[in-house]
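A.B. asks: One structure, as structure tokens, below. Some questions next.
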Amino acid sequence: MESQIKMLNKTSVIIPFYNNVPYIKEAISSVLLQTCQPKEIIVVNDGSTKTASEFLDTFSEHVTIINHDRNKGISQARNTGAKHSTGIYLTFLDADDLWEPDKLEVQQNLLDKSPSITGCHTGVYVFSKNKKIIETCNAKPKILSLKNMAFGNHVVPSSFMIRSTSFHNIGGFDPKMRTEDYDLFLSLLKNNDEIQFISKPLTWLRRDNHGNESSKWQYILYGRTALLKKHWKTLYKANGFMSILIFIQKTFLMAGWRAKRPLSYLFKLLSFVLPKEK
């Protein structure tokens with residue numbers, strides 16, 4: 001049994017931390033309770049306050065803490081963790097999210113048995129306070145393709161596991177991108193990397209309205225515009241110019257959901273006149 005456990009300890013867990021005091025203990029606990037323990041847990045303290053940093057230090061017995069001298073953003077924090085990691089697999093847990101106990105074991109076993117697969121992601125429970133489940137996301141394409149990624153992101157970063165070599169081959173997360181996770185997965189597909197879906201919900205994604213930047217219309221509009229500028233050739237491969245029009249339509253639609261009137265009316269009107277995903 002001991003040799004089997006050692007054989008399975010192949011994954012580096014990377015947790016970006018920025019003043020996430022109310023949630024970090026529960027996040028780290030969900031890693032420590034894994035049936036397959038990781039090789040290491042790296043928490044990147046991304047320029048938190050002195051009080052938050054001191055609280056994080058109380059977990060130093062269980063995790064490796066790397067400190068940024070200032071806040072550099074979640075992409076840089078994840079990249080720093082990956083740079084200092086030693087596992088052959090990488091997985092990223094946001095400091096306010098959680099894992100089911102068998103999350104790492106299920107994903108490692110899949111990648112161990114399938115050398116052609118670059119990475120895999122799992123089903124997700126979206127939850128609010130008191131772990132009340134708002135939504136269960138377990139109906140995703142089994143194999144991620146440009147066609148089903150052309151209009152929206154299907155992968156939650158906290159649910160993802162990737163081979164370390166593949167992550168470094170594409171340069172990791174792009175710090176210039178607001179939609180850094182969507183950008184990463186498009187870059188992997190552009191590189192012909194294969195990403196598989198595990199439908200079992202093994203990841204808990206928190207939605208507590210605690211300052212989530214992605215809930216703002218500006219994040220959607222500017223983030224997806226930058227994404228289109230960078231990846232329009234990749235999106236074009238999915239279904240020609242129609243893919244680009246539908247991507248723009250969905251951008252306006254998503255921004256319209258989050259904007260206030262009268263701006264929301266303008267975004268929804270623009271989304272109405274553009275081609276839609278069928």
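In the structure tokens, chains take letters A, B, ... by order of appearance, with residues numbered from 1 within each chain and ligands from 1 in the order shown.
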Going by DSSP on the backbone, which residues of region 43-112 of chain A come out as helix (DSSP H, G or I)? List them as number ranges by chain.
C.D. replies: A: 50-57, 74-83, 103-112
A.B. asks: My list of candidates is A:Leu245, A:Pro141, A:Glu194, A:Asp102. Which is closest to Leu33 (chain A) when distances are computed with only C-alpha atoms?
C.D. replies: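 Among the listed residues, the smallest separation from Leu33 (chain A) belongs to A:Asp102.
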A.B. asks: Ala259 (chain A): which residues within 12 Å, counting only C-alpha atoms, same-chain residues fewer than 3 positions away excluded, as a PyMOL selection string?
C.D. replies: chain A and resi 215-221+252-256+262-268
A.B. asks: Skip Glu26 (chain A) itself and residues of its chain fewer than 2 positions away, then list as a list in words all residues within 9 Å of it, counting only C-alpha atoms.
C.D. replies: Pro22, Tyr23, Ile24, Ile28, Ser29, Ser30, Val31, Ala95, Asp96, Asp97 and Leu98 of chain A
A.B. asks: Can you list every residue of region 175-206 of chain A that has an atom at most 10 Å from region 66-89 of chain A, with its nearest atom pair and the distance in Å to one decimal, using only C-alpha atoms, ordered by chain then number, as JSON lines?
C.D. replies:
```
{"residue": "A:Pro175", "atom": "CA", "partner": "A:Ser75", "partner_atom": "CA", "distance": 5.1}
{"residue": "A:Lys176", "atom": "CA", "partner": "A:Ser75", "partner_atom": "CA", "distance": 8.6}
{"residue": "A:Met177", "atom": "CA", "partner": "A:Ser75", "partner_atom": "CA", "distance": 8.5}
{"residue": "A:Arg178", "atom": "CA", "partner": "A:Ser75", "partner_atom": "CA", "distance": 9.0}
{"residue": "A:Thr179", "atom": "CA", "partner": "A:Ser75", "partner_atom": "CA", "distance": 9.7}
{"residue": "A:Glu180", "atom": "CA", "partner": "A:Ser75", "partner_atom": "CA", "distance": 6.7}
{"residue": "A:Asp181", "atom": "CA", "partner": "A:Ser75", "partner_atom": "CA", "distance": 8.6}
```
A.B. asks: Name the residues in contact with Leu186 (chain A) at a cut-off of 10 Å, using only C-alpha atoms, excluding same-chain residues fewer than 4 positions from it; report them as a PyMOL selection string.
C.D. replies: chain A and resi 144-146+149-150+153+181-182+190-193+227+231+234-235
A.B. asks: With C-alpha atoms retained, could you export that selection as a PDB file, in the first residue's frame?
C.D. replies:
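Listing of out36.pdb after writing:
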```pdb
ATOM      1  CA  LEU A 144     -12.942  19.382 -26.022  1.00  0.00           C
ATOM      2  CA  SER A 145     -12.837  20.729 -29.573  1.00  0.00           C
ATOM      3  CA  LEU A 146     -12.480  24.109 -31.251  1.00  0.00           C
ATOM      4  CA  MET A 149     -14.999  26.094 -27.473  1.00  0.00           C
ATOM      5  CA  ALA A 150     -15.546  28.687 -30.200  1.00  0.00           C
ATOM      6  CA  ASN A 153     -15.434  28.273 -22.160  1.00  0.00           C
ATOM      7  CA  ASP A 181      -8.528  30.402 -18.432  1.00  0.00           C
ATOM      8  CA  TYR A 182     -10.441  30.595 -21.744  1.00  0.00           C
ATOM      9  CA  LYS A 190      -4.526  25.357 -31.166  1.00  0.00           C
ATOM     10  CA  ASN A 191      -1.545  23.198 -30.189  1.00  0.00           C
ATOM     11  CA  ASN A 192      -3.632  20.053 -30.921  1.00  0.00           C
ATOM     12  CA  ASP A 193      -3.626  18.999 -27.269  1.00  0.00           C
ATOM     13  CA  LEU A 227      -9.537  37.022 -26.648  1.00  0.00           C
ATOM     14  CA  HIS A 231      -7.411  33.920 -31.247  1.00  0.00           C
ATOM     15  CA  THR A 234      -8.098  29.770 -34.216  1.00  0.00           C
ATOM     16  CA  LEU A 235     -11.825  30.536 -33.918  1.00  0.00           C
TER      17      LEU A 235
END
```
A.B. asks: Any idea what's packed within 9 Å of Lys131 (chain A), counting only C-alpha atoms, ignoring anything in its chain fewer than 5 positions away? Could you give it as a VMD selection string?
C.D. replies: chain A and resid 126 204 206
